[in-house]
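Data first, discussion second: the structure below is written as structure tokens.
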Amino acid sequence: MRDSQANIMKWRYFQQSLFFALFRAAALIITLALGGIVIYIIINGISAISWEFITKPPTHSMTKGGIMPAILGTIYLTVGAISIGLPLGVASAIYLTEYAKQGRMIRLIRVGINCLAGVPSVVFGLFGLAFFVILFKFGSSILAGSLTLGFLILPTIIGASEEALKAVPQTFREASLALGVSKWQTIYRIVLPNAMPGILTGSILGIGRAAGETAPIMFTTAAFFTSKLPSSIFDEVMALPYHIYVLATAGTNIEETRPIQYGTVLVLVALVLGINMVAILVRAYMRRNKRW
Amino acid sequence: MDANIIIKLKNVNFYYGENRALTDITMNYRKNKVTALIGPSGCGKSTLLRLLNRMNDLIDGTRVEGEILYEDKNIYSPDLDPVEIRRKIGMVFQKPNPFPKTIYNNIAYGPKLNRVGSANLDELVEQSLKQAVLWDEVKDILNQSAMNLSGGQQQRLCIARALAMKPDILLMDEPTSALDPISTAKIEELVEELKKVYTIIIVTHNMQQAARISDETAFFYLGNLIEYNKTEKIFTKPDVKQTEDYITGRFG
């Protein structure tokens, strides 16, 4: 009897250590994979990086020179996408969580937003082409690209903003309303500031996506090659992801430009990381008072 | 209307969806008195309190019947703005709920947005904190986060925040249920002081508290007003057996 008790305990401890080991292994694999990719990119790309590489346009049919127009283009597009996606997304989330009467209509809208999140990015590209480039006659331009990317990241931003708004304690709303403060003032002064860190988290994810997507900008904004910098939002630009795609598949000399390709990837990763760092710092600053 | 009466309820019914939470409540609240609402959990006393400043509006699917008169106007009439009513009828909640702002800005928040006494906000903040007997403890740390205060201090801050709006009536929903005995005693003393200026309606689960601080007591059971009288009478010679059973702890 006592023996079987001891055996059961032993078996339980064995189970526990087995599963903990599995979880550890899972975490390790994912970290190694990420680390591996980053290290691989750095090793292969670092040789291409130079002051000239990030400040000069490409030359010799893109086999030499830099990638400055693409860096600038990606910055323009990302900033454009966020300036369209963030206000629209936050406004939608406020409507959905704070104003709309919860019911079938709202459920339907939510399902729609979730579907939008699952739409392949190339479909967004075609939509942008049909809608912004052709119908609205924006042409292949920063504006059309920013709008397309803005719509692409909209579901991410709406989802994160909704969660952030819901996480603000109901007692804050009650306290404010009980003071005779109007609903909009309550949202603007109490709910939004407290939801801001969460909203920014959504934006960070959005920024990463907007900067890295190739398909949506392929038809709406990206130039194969232009050494001229855009002078207005109706100009087309080069962009890092598309530039990588071009160099790797349709370039004049794919093998010879390998270092440039990896260099461009490295710059793109660094750029996304840099923009995210800014958002993370802003979020940390906003969170300093959060304690509930 | 009797000049001493500030709120009058006439045949008030209240529903959450299909469920009736309050049945045919008729009662008057007296000016500058403390009225305690007592009764077992789920008896409708908090629901009634939240009817008086239209906080139940925030819950979908609720419905009110009957009249609640404040200054001879039905606060549920469509031409009255609930925001206006809440300026005149302040509320303190069960759990202290300061905003994650500085102590100063917690108090100044309501008056600033409603332009109450905007001439001198500093003075209003000081006056409100003094009224809530918190001034001496916080006067040097007005720019620190209210979240750093103790639970009892936070609750007095919430009272000060409500007072800064210069309301007529203060609704208190079990304001000491989350506090230790010392903080509770402080709030009770405060209520004693505040009734000189304000009308106070307080929900409490604590019989001793109701007996100590209120002038009148209403006993509720299953959404019905069972007995409503002077506190002294309720706690010494209640008319209804149910009331006696409840306050002596035989049920509830």
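Chains: A, B, ... in order of the structure tokens. Residues: from 1 per chain. Ligands: from 1, in order shown.
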
Near Asn44 of chain A, counting only C-alpha atoms, which residues have an atom at most 7 Å away, once you skip same-chain residues fewer than 3 positions from it, shown as a PyMOL selection string?
chain A and resi 40-41+47+259+262

Now that the selection is made, can you save its residues with N, CA and C atoms as a PDB file, in the first residue's frame?
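Wrote it out as selection-v7.pdb, contents follow:
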ATOM      1  N   TYR A  40      22.111  35.459 -38.724  1.00  0.00           N
ATOM      2  CA  TYR A  40      22.338  35.165 -40.142  1.00  0.00           C
ATOM      3  C   TYR A  40      22.273  36.439 -40.973  1.00  0.00           C
ATOM      4  N   ILE A  41      21.247  37.252 -40.702  1.00  0.00           N
ATOM      5  CA  ILE A  41      21.083  38.508 -41.439  1.00  0.00           C
ATOM      6  C   ILE A  41      22.266  39.434 -41.181  1.00  0.00           C
ATOM      7  N   SER A  47      28.466  43.459 -44.133  1.00  0.00           N
ATOM      8  CA  SER A  47      29.533  43.901 -45.045  1.00  0.00           C
ATOM      9  C   SER A  47      29.038  44.961 -46.021  1.00  0.00           C
ATOM     10  N   PRO A 259      24.977  40.528 -51.177  1.00  0.00           N
ATOM     11  CA  PRO A 259      25.286  41.348 -49.996  1.00  0.00           C
ATOM     12  C   PRO A 259      24.346  42.551 -49.872  1.00  0.00           C
ATOM     13  N   TYR A 262      21.040  41.361 -48.408  1.00  0.00           N
ATOM     14  CA  TYR A 262      21.086  41.160 -46.954  1.00  0.00           C
ATOM     15  C   TYR A 262      21.265  42.481 -46.218  1.00  0.00           C
TER      16      TYR A 262
END

Return the neighbours of chain B among the residues of chain A, cut-off 7 Å, counting only C-alpha atoms, as JSON, numbers by chain.
{"A": [171, 172, 175, 178, 179, 180, 181, 182, 289, 290]}

Output as a ChimeraX atom specification all residues of segment 48-247 of chain B that backbone DSSP marks as alpha helix (DSSP H).
/B:48-52,82-88,103-114,121-131,135-138,151-163,181-194,207-213,231-236,241-247

Residues of segment 51-227 of chain B in strand (DSSP E or B), written as a PyMOL selection string:
chain B and resi 62-70+73-74+89-92+102+145+169-173+199-203+216-221+224-227

In Å to one decimal, how far is atom CA of Leu96 of chain A from atom CA of Lys183 of chain A?
14.5 Å

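Near Glu244 of chain B, within a cut-off of 12 Å and counting only C-alpha atoms, sit the residues Gly39, Met207, Phe219, Ile226, Glu227, Lys233, Ile234, Phe235, Thr236, Lys237, Pro238, Asp239, Val240, Thr248, Gly249, Arg250, Phe251 and Gly252 of chain B, with same-chain residues fewer than 4 positions away left out.
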
Tell me, in Å to one decimal, how far atom CA of Val267 of chain A is from atom CA of Gly65 of chain A.
14.6 Å

Given only C-alpha atoms as the basis, pick out the residue of A:Phe151, A:Ala210, A:Gly145, A:Glu98 nearest to Gln170 of chain A.
A:Glu98

So which residues touch Val197 of chain B within 9 Å, counting only C-alpha atoms, skipping near sequence neighbours fewer than 3 positions away, as a ChimeraX atom specification?
/B:32,168,193-194

Using only C-alpha atoms for the distances, tell me which of A:Ile49, A:Ala223, A:Ala81, A:Val272 is nearest to Gly66 of chain A.
A:Ile49

Quick one: residues within 10 Å of Leu205 of chain A, only C-alpha atoms counted, chain neighbours fewer than 6 positions away excluded, as a ChimeraX atom specification?
/A:153,156-157,160,276
